[in-house]
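query-v2.csv, holding CSV, C-alpha atoms:
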chain,number,residue,atom,x,y,z
A,1,MET,CA,-13.7,78.6,195.6
A,2,HIS,CA,-10.2,77.2,195.0
A,3,GLU,CA,-7.6,78.9,197.1
A,4,SER,CA,-5.6,80.0,194.1
A,5,LEU,CA,-8.5,81.6,192.2
A,6,ARG,CA,-8.8,85.4,192.4
A,7,PRO,CA,-12.3,86.8,191.7
A,8,VAL,CA,-12.5,89.9,189.4
A,9,GLY,CA,-15.8,91.6,189.7
A,10,GLU,CA,-19.1,89.8,190.2
A,11,LEU,CA,-20.0,86.5,188.7
A,12,THR,CA,-23.6,86.2,187.8
A,13,LYS,CA,-25.7,83.1,187.0
A,14,LEU,CA,-24.7,81.7,183.6
A,15,ARG,CA,-26.9,80.0,181.0
A,16,ASP,CA,-25.7,76.4,180.5
A,17,PRO,CA,-22.1,77.5,180.3
A,18,LEU,CA,-19.5,75.9,178.1
A,19,VAL,CA,-15.8,76.4,179.1
A,20,ILE,CA,-13.5,76.9,176.1
A,21,GLY,CA,-9.8,76.9,177.0
A,22,ALA,CA,-6.4,77.5,175.3
A,23,PHE,CA,-2.9,77.3,176.8
A,24,TRP,CA,0.2,79.0,175.5
A,25,GLY,CA,2.8,76.4,175.0
A,26,TRP,CA,2.6,72.7,174.2
A,27,GLY,CA,-0.4,72.0,171.9
A,28,ASP,CA,-0.5,75.5,170.5
A,29,GLY,CA,3.0,76.3,169.1
A,30,THR,CA,1.8,79.0,166.7
A,31,GLY,CA,-0.4,80.7,169.3
A,32,SER,CA,-3.4,80.3,167.0
A,33,ALA,CA,-5.6,78.9,169.8
A,34,MET,CA,-4.7,81.7,172.1
A,35,GLY,CA,-5.3,84.2,169.3
A,36,THR,CA,-8.7,82.7,168.9
A,37,ILE,CA,-9.6,83.2,172.6
A,38,ARG,CA,-8.4,86.9,172.3
A,39,TYR,CA,-10.4,87.4,169.2
A,40,LEU,CA,-13.6,86.0,170.7
A,41,ARG,CA,-13.1,88.1,173.9
A,42,ALA,CA,-13.2,91.2,171.7
A,43,GLU,CA,-15.9,90.1,169.3
A,44,TRP,CA,-18.2,88.8,172.1
A,45,GLY,CA,-17.6,91.6,174.5
A,46,ALA,CA,-16.3,89.2,177.2
A,47,THR,CA,-15.9,90.3,180.9
A,48,GLU,CA,-13.1,89.1,183.1
A,49,VAL,CA,-14.3,87.2,186.2
A,50,ALA,CA,-11.3,85.5,187.7
A,51,THR,CA,-7.5,85.1,187.5
A,52,VAL,CA,-5.1,82.6,189.0
A,53,ASP,CA,-2.4,83.2,191.6
A,54,PRO,CA,0.9,83.3,189.5
A,55,ASP,CA,3.1,82.5,192.4
A,56,ARG,CA,1.5,79.1,192.9
A,57,TYR,CA,1.9,77.7,189.3
A,58,TYR,CA,4.7,79.6,187.5
A,59,ASP,CA,8.5,79.7,187.8
A,60,LEU,CA,8.8,83.4,187.4
A,61,THR,CA,12.4,83.2,186.3
A,62,VAL,CA,11.1,81.4,183.2
A,63,ALA,CA,7.7,83.0,182.7
A,64,ARG,CA,8.8,86.4,183.8
A,65,PRO,CA,6.3,89.2,184.6
A,66,ARG,CA,6.4,92.1,182.1
A,67,SER,CA,6.6,95.8,182.8
A,68,GLN,CA,3.8,97.6,180.9
A,69,PRO,CA,3.5,101.3,181.7
A,70,ARG,CA,0.0,102.7,181.4
A,71,ASN,CA,-0.5,106.4,181.0
A,72,GLY,CA,3.0,106.9,182.3
A,73,VAL,CA,2.4,104.9,185.5
A,74,PRO,CA,4.4,101.7,186.1
A,75,ASN,CA,2.4,98.5,185.8
A,76,ILE,CA,3.3,94.8,186.0
A,77,ARG,CA,1.6,92.2,183.9
A,78,TRP,CA,1.9,88.8,185.6
A,79,PRO,CA,1.9,85.5,183.7
A,80,GLY,CA,-1.1,83.3,184.5
A,81,THR,CA,-4.6,82.3,183.6
A,82,ARG,CA,-7.6,84.5,183.1
A,83,PHE,CA,-11.3,83.6,182.9
A,84,HIS,CA,-13.7,85.7,180.9
A,85,VAL,CA,-17.5,85.3,180.5
A,86,ALA,CA,-19.3,86.0,177.2
A,87,SER,CA,-22.7,85.6,175.6
A,88,PRO,CA,-22.0,84.8,172.0
A,89,PRO,CA,-24.5,86.5,169.6
A,90,GLY,CA,-27.2,84.1,168.4
A,91,SER,CA,-26.4,81.4,171.0
A,92,ASP,CA,-28.7,80.3,173.8
A,93,ARG,CA,-25.8,79.6,176.2
A,94,ASP,CA,-23.0,81.5,177.8
A,95,VAL,CA,-19.3,80.7,177.4
A,96,VAL,CA,-16.3,80.9,179.7
A,97,LEU,CA,-13.1,81.7,177.8
A,98,LEU,CA,-10.1,80.4,179.7
A,99,ALA,CA,-6.7,81.5,178.5
A,100,GLY,CA,-3.4,80.9,180.2
A,101,ARG,CA,0.3,80.1,179.9
A,102,GLU,CA,1.1,76.5,180.5
A,103,PRO,CA,2.0,76.3,184.2
A,104,SER,CA,5.5,75.5,185.3
A,105,LEU,CA,4.4,73.8,188.6
A,106,ALA,CA,1.7,71.9,190.4
A,107,TRP,CA,-0.1,70.6,187.3
A,108,ARG,CA,-2.5,68.3,189.2
A,109,ASN,CA,-3.5,71.1,191.5
A,110,TYR,CA,-4.0,73.4,188.5
A,111,ALA,CA,-6.3,70.8,186.9
A,112,GLU,CA,-8.4,70.7,190.0
A,113,LEU,CA,-8.5,74.5,190.0
A,114,VAL,CA,-10.2,74.4,186.6
A,115,ALA,CA,-12.6,71.7,187.8
A,116,ASP,CA,-13.4,73.7,190.9
A,117,PHE,CA,-14.1,76.8,188.8
A,118,MET,CA,-16.4,74.8,186.5
A,119,ARG,CA,-18.4,73.5,189.5
A,120,GLN,CA,-18.7,77.0,190.8
A,121,VAL,CA,-20.2,78.3,187.6
A,122,GLY,CA,-22.3,75.2,186.8
A,123,ALA,CA,-20.4,74.2,183.7
A,124,ARG,CA,-20.3,70.5,182.7
A,125,GLN,CA,-18.4,70.7,179.4
A,126,PHE,CA,-14.8,71.7,178.6
A,127,LEU,CA,-13.6,72.2,175.0
A,128,ALA,CA,-9.8,72.7,174.5
A,129,LEU,CA,-8.5,74.6,171.5
A,130,GLY,CA,-5.1,73.9,169.9
A,131,SER,CA,-3.1,74.1,166.7
A,132,ARG,CA,-0.7,71.5,165.2
A,133,PRO,CA,1.7,71.6,162.2
A,134,ALA,CA,0.9,69.6,159.1
A,135,MET,CA,1.8,69.4,155.4
A,136,ILE,CA,-0.7,72.0,154.3
A,137,PRO,CA,-0.2,75.2,152.3
A,138,HIS,CA,-0.4,78.6,153.9
A,139,THR,CA,-2.6,79.8,151.0
A,140,ARG,CA,-5.7,77.6,151.9
A,141,PRO,CA,-8.2,77.5,154.8
A,142,ALA,CA,-7.0,75.7,157.9
A,143,PRO,CA,-8.5,72.2,158.3
A,144,VAL,CA,-10.0,71.5,161.8
A,145,LEU,CA,-10.0,68.2,163.6
A,146,LEU,CA,-12.0,67.0,166.6
A,147,ILE,CA,-9.7,64.8,168.7
A,148,ASP,CA,-10.1,62.7,171.8
A,149,SER,CA,-13.6,63.9,172.4
A,150,ASP,CA,-16.6,62.2,173.9
A,151,ALA,CA,-20.0,61.7,172.2
A,152,TYR,CA,-21.3,65.0,173.6
A,153,PHE,CA,-18.9,67.1,171.5
A,154,GLU,CA,-19.3,64.9,168.4
A,155,GLU,CA,-23.0,65.8,168.5
A,156,LEU,CA,-22.3,69.4,169.4
A,157,THR,CA,-19.8,70.0,166.6
A,158,GLY,CA,-21.2,67.6,164.0
A,159,ARG,CA,-17.8,66.1,163.6
A,160,LYS,CA,-16.4,62.6,164.2
A,161,SER,CA,-13.8,62.5,166.9
A,162,GLU,CA,-10.5,60.9,166.2
A,163,PRO,CA,-8.6,59.1,168.9
A,164,SER,CA,-5.0,60.3,169.4
A,165,THR,CA,-2.3,57.7,168.9
A,166,TYR,CA,0.4,60.0,170.2
A,167,GLN,CA,2.8,58.6,172.9
A,168,GLY,CA,5.4,60.8,174.6
A,169,PRO,CA,5.6,64.0,176.6
A,170,THR,CA,2.4,65.9,176.9
A,171,GLY,CA,1.0,69.3,177.9
A,172,ILE,CA,-1.3,70.8,180.4
A,173,GLN,CA,-4.2,70.7,177.9
A,174,THR,CA,-4.2,66.9,178.1
A,175,ILE,CA,-3.7,66.8,181.9
A,176,VAL,CA,-6.7,69.1,182.5
A,177,SER,CA,-8.9,67.3,180.0
A,178,LEU,CA,-8.2,63.9,181.5
A,179,HIS,CA,-8.7,65.1,185.1
A,180,LEU,CA,-12.0,66.7,184.1
A,181,ARG,CA,-13.2,63.5,182.4
A,182,GLU,CA,-12.3,61.5,185.5
A,183,GLN,CA,-14.5,64.0,187.5
A,184,GLY,CA,-17.5,63.3,185.2
A,185,PHE,CA,-17.2,66.4,182.9
A,186,ASN,CA,-17.6,66.2,179.1
A,187,THR,CA,-14.3,67.0,177.4
A,188,GLY,CA,-13.2,67.6,173.8
A,189,ARG,CA,-10.4,69.1,171.8
A,190,ILE,CA,-10.5,71.0,168.5
A,191,SER,CA,-7.2,71.6,166.7
A,192,ALA,CA,-6.6,73.6,163.6
A,193,LEU,CA,-3.9,72.4,161.2
A,194,VAL,CA,-1.3,74.9,160.3
A,195,PRO,CA,1.6,74.9,157.7
A,196,GLY,CA,4.6,73.1,159.2
A,197,TYR,CA,7.0,75.3,157.3
A,198,VAL,CA,5.8,78.5,158.9
A,199,ASN,CA,6.0,78.2,162.7
A,200,ILE,CA,5.5,81.8,163.7
A,201,GLY,CA,1.9,82.8,164.5
A,202,PRO,CA,-0.8,83.2,165.2
A,203,ASN,CA,-2.1,82.0,161.8
A,204,PRO,CA,-5.2,84.1,161.0
A,205,ARG,CA,-6.6,81.3,158.8
A,206,ALA,CA,-6.4,78.9,161.8
A,207,VAL,CA,-8.1,81.6,164.0
A,208,ALA,CA,-10.9,82.0,161.4
A,209,ALA,CA,-11.4,78.2,161.2
A,210,LEU,CA,-11.6,77.8,164.9
A,211,VAL,CA,-14.1,80.7,165.2
A,212,GLN,CA,-16.3,79.2,162.5
A,213,ALA,CA,-16.1,75.7,164.2
A,214,LEU,CA,-17.2,77.2,167.5
A,215,ASP,CA,-20.0,79.2,165.8
A,216,LYS,CA,-21.4,76.0,164.3
A,217,ALA,CA,-21.3,74.3,167.7
A,218,LEU,CA,-22.9,77.2,169.6
A,219,GLY,CA,-25.3,78.4,167.0
A,220,SER,CA,-23.6,81.8,167.3
A,221,THR,CA,-22.8,84.3,164.6
A,222,THR,CA,-19.3,85.8,164.9
A,223,SER,CA,-17.9,88.1,162.2
A,224,ILE,CA,-14.5,87.1,160.8
A,225,GLU,CA,-14.3,90.3,158.7
A,226,PRO,CA,-11.4,91.7,160.8
A,227,LEU,CA,-9.4,88.6,160.1
A,228,LEU,CA,-9.6,88.9,156.3
A,229,GLY,CA,-7.1,91.8,156.2
A,230,GLU,CA,-4.8,89.8,158.5
A,231,ILE,CA,-5.0,86.8,156.2
A,232,ASP,CA,-3.9,88.9,153.2
A,233,SER,CA,-1.1,90.5,155.1
A,234,TYR,CA,0.1,87.1,156.5
A,235,ASP,CA,0.2,85.6,153.0
A,236,GLU,CA,2.1,88.5,151.6
A,237,ARG,CA,4.7,88.4,154.4
A,238,THR,CA,5.1,84.7,154.2
A,239,SER,CA,5.6,84.8,150.4
A,240,GLU,CA,8.1,87.6,150.8
A,241,ALA,CA,9.9,85.6,153.5
A,242,LEU,CA,10.0,82.5,151.3
A,243,SER,CA,11.6,84.6,148.5
A,244,GLN,CA,14.6,85.1,150.7
A,245,LEU,CA,15.5,81.4,150.7
A,246,ALA,CA,18.6,80.3,148.7
A,247,ASP,CA,16.3,78.4,146.4
A,248,PRO,CA,12.8,79.8,146.7
A,249,ALA,CA,11.6,78.0,143.5
A,250,GLN,CA,12.1,74.7,145.2
A,251,MET,CA,9.9,75.7,148.2
A,252,ARG,CA,7.3,77.2,145.9
A,253,ASP,CA,7.1,73.8,144.0
A,254,GLN,CA,6.5,72.1,147.3
A,255,ILE,CA,3.7,74.5,148.2
A,256,ARG,CA,2.2,74.1,144.8
A,257,GLN,CA,2.1,70.3,145.3
A,258,MET,CA,0.4,70.8,148.7
A,259,GLU,CA,-2.1,73.1,147.1
A,260,GLU,CA,-2.9,70.5,144.4
A,261,LEU,CA,-3.4,67.8,147.1
A,262,TYR,CA,-5.6,70.1,149.1
A,263,ASP,CA,-7.7,71.2,146.2
A,264,SER,CA,-8.1,67.7,144.8
A,265,ASP,CA,-10.7,66.7,147.4
A,266,PRO,CA,-13.0,68.8,149.5
A,267,THR,CA,-12.3,66.5,152.4
A,268,ALA,CA,-8.6,66.5,151.8
A,269,GLN,CA,-7.9,67.7,155.3
A,270,GLN,CA,-8.5,64.1,156.5
A,271,ASP,CA,-5.5,63.1,154.5
A,272,LEU,CA,-3.2,66.1,155.2
A,273,ARG,CA,-2.2,65.4,158.8
A,274,ASN,CA,0.8,63.1,158.1
A,275,PRO,CA,1.1,62.8,154.3
A,276,GLU,CA,4.3,61.6,152.7
A,277,PRO,CA,6.3,64.6,151.5
A,278,ALA,CA,6.5,65.1,147.8
A,279,ALA,CA,10.3,65.3,148.1
A,280,THR,CA,12.8,63.7,150.4
A,281,PRO,CA,14.1,65.7,153.3
A,282,ASP,CA,17.4,66.3,151.6
A,283,GLU,CA,15.6,68.0,148.7
A,284,LEU,CA,13.7,70.5,151.0
A,285,PRO,CA,15.2,73.7,152.4
A,286,SER,CA,16.8,73.2,155.8
A,287,GLY,CA,14.8,74.4,158.8
A,288,GLU,CA,17.4,77.0,159.7
A,289,GLU,CA,17.4,78.3,156.2
A,290,LEU,CA,13.7,78.5,156.0
A,291,LEU,CA,13.3,80.1,159.5
A,292,GLU,CA,15.9,82.7,158.8
A,293,GLY,CA,13.7,84.1,156.0
A,294,ILE,CA,10.4,83.6,157.8
A,295,GLU,CA,11.5,85.2,161.1
A,296,SER,CA,13.1,88.2,159.5
A,297,PHE,CA,9.7,89.2,158.1
A,298,LEU,CA,7.2,87.9,160.6
A,299,ARG,CA,9.0,88.5,163.9
A,300,GLN,CA,8.7,92.3,163.5
A,301,ASN,CA,4.9,91.8,163.5
A,302,ARG,CA,4.7,90.0,166.7
A,303,ASN,CA,3.4,92.0,169.7
A,304,ASP,CA,5.1,90.5,172.7
A,305,VAL,CA,2.7,92.2,175.0
A,306,GLU,CA,-0.9,92.1,173.8
A,307,GLY,CA,-0.8,90.8,170.2
A,308,PRO,CA,-2.7,87.6,169.4
A,309,GLY,CA,-0.5,84.6,170.2
A,310,SER,CA,2.3,86.4,171.9
A,311,GLN,CA,2.1,86.6,175.7
A,312,PRO,CA,-0.6,84.4,177.2
A,313,SER,CA,-4.0,85.4,178.5
The structure given in the file should be rewritten as C-alpha cells.
Amino acid sequence: MHESLRPVGELTKLRDPLVIGAFWGWGDGTGSAMGTIRYLRAEWGATEVATVDPDRYYDLTVARPRSQPRNGVPNIRWPGTRFHVASPPGSDRDVVLLAGREPSLAWRNYAELVADFMRQVGARQFLALGSRPAMIPHTRPAPVLLIDSDAYFEELTGRKSEPSTYQGPTGIQTIVSLHLREQGFNTGRISALVPGYVNIGPNPRAVAALVQALDKALGSTTSIEPLLGEIDSYDERTSEALSQLADPAQMRDQIRQMEELYDSDPTAQQDLRNPEPAATPDELPSGEELLEGIESFLRQNRNDVEGPGSQPS
C-alpha cells in the first residue's frame, strides 16, 4: 500500500471494480461532479475504505481544515481524498468512488498513489467526472460529453470520445489520467455541460445527467427522484436571481435563444459547447452584474461543510 494511504475498515475482494473519480477544483468549477459522487455514495450505500494523508499533499493554509463539532464534541475535518466502495443496484461489478480536493503539492506522487490503490483493489479502469461551462440554458437537461477516452470507455458508455484540443494550465484530473494511461490502465472522462452564466453549483441537472450516464455504462438503476425537487428549486432561485439584474429582459432573451437552439435538434448538445453568442459581449450583462444577482440568492443555499459541491470529499 502507498505510504500516504490510510485504510479505513476492511477492504474485501471486489467484482471487476471500476474507479470513478472527481476532484474539487479545476475541471469541476460548479462542484457538479463532486455532487454526483456524494449522491452516488448515498444512493448506493457506499462504504469508506481509505483516506489520504492531508499533510503530504495539501497546503493547509490554503485548504484549511474545518472545525465541525459533533454532539457537542470538537471535531476537525481535514481536506483530502476519500475512497468509498459501492455495489450499484443492477450492476454486475463494484465501483470505487474517489472524491478529493485538488492537491496543492506533489502531484506526480499523488497520481502514483491513485495507481497504487487501483492495483491493490484489482481495478484496471479509471473514469473521471467533471463539469464545464457552455452556452446552454439552465432550464434544459445537461448534455454530457465523453472526452479523451480510450476505446474501452467508448464501448462501455456507447458514446464517441472527442479529443481535447485545449492547451494551457491543467488540473489534477488530467495528471492522474495521463499517469494511469502510461501505466497501462484504461482511462476516460465524462463532463456535463452547465450554463456559463450560472457559476454557482452544484447544478442538479448536471448531477442527474452524470448519474444517468453512469447507469447506462454500468447497467445499474439509480433513482434520480431526490434530484427532481432540487431541480425545481434551482430553477426558481436562478430565475429570481436573474430578475435582480438591471435589465433582466435582455438576459431572458438570451436564455430563450439558447432554449430554441437546444430544442431545435435532439443532438444539439454536440453544437452547444462553443457556439457563437446571439449577441455581442457588449450587449450582454456584465459578469459582475450577473453574479451579484446570482450569488445573493444561491450562496445562501450552499453548505460549506457537507452540502453537494461545497467542501471536497
Closest to A:Ser239 among A:Gly25, A:Pro103, A:Gly72, A:Pro137, using only C-alpha atoms? A:Pro137
One number please: atom CA of A:Arg82 to atom CA of A:Glu162, in Å, one decimal. 29.2 Å
Restrict the calculation to only C-alpha atoms, then for each residue of stretch 98-193 of chain A with any atom at most 8 Å from an atom of stretch 56-71 of chain A give the closest atom pair and their distance in Å to one decimal, rows by chain and rising residue number, as CSV.
residue,atom,partner,partner_atom,distance
A:Pro103,CA,A:Tyr57,CA,5.3
A:Ser104,CA,A:Tyr58,CA,4.7
A:Leu105,CA,A:Tyr57,CA,4.7
A:Ala106,CA,A:Tyr57,CA,5.9
A:Trp107,CA,A:Tyr57,CA,7.6
A:Tyr110,CA,A:Tyr57,CA,7.3
List as a list in words: which residues have an atom within 10 Å of (-23.0, 77.0, 182.5), counting only C-alpha atoms?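 So the residues meeting the distance criterion are Lys13, Leu14, Arg15, Asp16, Pro17, Leu18, Val19, Arg93, Asp94, Val95, Val96, Met118, Arg119, Gln120, Val121, Gly122, Ala123, Arg124 and Gln125 of chain A.
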Residue contacts of stretch 181-196 of chain A (7 Å, all atoms listed in the file) excluding same-chain residues fewer than 4 positions away, as a PyMOL selection string: chain A and resi 124-138+142-150+152-153+177+206+210
Could you save the residues just selected, with C-alpha atoms, as an mmCIF file, in the coordinates of the input?
data_model
loop_
_atom_site.group_PDB
_atom_site.id
_atom_site.type_symbol
_atom_site.label_atom_id
_atom_site.label_comp_id
_atom_site.auth_asym_id
_atom_site.auth_seq_id
_atom_site.Cartn_x
_atom_site.Cartn_y
_atom_site.Cartn_z
ATOM 1 C CA ARG A 124 -20.300 70.500 182.700
ATOM 2 C CA GLN A 125 -18.400 70.700 179.400
ATOM 3 C CA PHE A 126 -14.800 71.700 178.600
ATOM 4 C CA LEU A 127 -13.600 72.200 175.000
ATOM 5 C CA ALA A 128 -9.800 72.700 174.500
ATOM 6 C CA LEU A 129 -8.500 74.600 171.500
ATOM 7 C CA GLY A 130 -5.100 73.900 169.900
ATOM 8 C CA SER A 131 -3.100 74.100 166.700
ATOM 9 C CA ARG A 132 -0.700 71.500 165.200
ATOM 10 C CA PRO A 133 1.700 71.600 162.200
ATOM 11 C CA ALA A 134 0.900 69.600 159.100
ATOM 12 C CA MET A 135 1.800 69.400 155.400
ATOM 13 C CA ILE A 136 -0.700 72.000 154.300
ATOM 14 C CA PRO A 137 -0.200 75.200 152.300
ATOM 15 C CA HIS A 138 -0.400 78.600 153.900
ATOM 16 C CA ALA A 142 -7.000 75.700 157.900
ATOM 17 C CA PRO A 143 -8.500 72.200 158.300
ATOM 18 C CA VAL A 144 -10.000 71.500 161.800
ATOM 19 C CA LEU A 145 -10.000 68.200 163.600
ATOM 20 C CA LEU A 146 -12.000 67.000 166.600
ATOM 21 C CA ILE A 147 -9.700 64.800 168.700
ATOM 22 C CA ASP A 148 -10.100 62.700 171.800
ATOM 23 C CA SER A 149 -13.600 63.900 172.400
ATOM 24 C CA ASP A 150 -16.600 62.200 173.900
ATOM 25 C CA TYR A 152 -21.300 65.000 173.600
ATOM 26 C CA PHE A 153 -18.900 67.100 171.500
ATOM 27 C CA SER A 177 -8.900 67.300 180.000
ATOM 28 C CA ALA A 206 -6.400 78.900 161.800
ATOM 29 C CA LEU A 210 -11.600 77.800 164.900
#
Using only C-alpha atoms for the distances, tell me which of A:Pro54, A:Pro204, A:Pro248, A:Gly90 is nearest to A:Tyr39.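 Ranking A:Pro54, A:Pro204, A:Pro248, A:Gly90 by distance to A:Tyr39, first place goes to A:Pro204.
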Computed gap from atom CA of A:His84 to atom CA of A:Glu10 is 11.5 Å
Counting all atoms listed in the file, the residue of A:Ser87, A:Ser4, A:Thr139, A:Ser223 that sits nearest A:Arg256: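 Answer, going by the shortest atom-to-atom distance: A:Thr139.
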Per residue of stretch 105-176 of chain A within 10 Å of stretch 50-53 of chain A, what are the shortest atom pair and its distance in Å to one decimal, counting all atoms listed in the file, with rows by chain and residue number, as a Markdown table?
| residue | atom | partner | partner_atom | distance |
| --- | --- | --- | --- | --- |
| A:Tyr110 | CA | A:Val52 | CA | 9.3 |
| A:Leu113 | CA | A:Val52 | CA | 8.8 |
| A:Val114 | CA | A:Val52 | CA | 10.0 |
| A:Phe117 | CA | A:Ala50 | CA | 9.2 |
Please, what distance in Å, to one decimal, runs between atom CA of A:His179 and atom CA of A:Gly21?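 Value for the atom CA of A:His179-atom CA of A:Gly21 distance: 14.4 Å.
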Nearest-residue call for A:Val8, choices A:Val73, A:Ile20, A:Ile255, A:Val85, using only C-alpha atoms: A:Val85
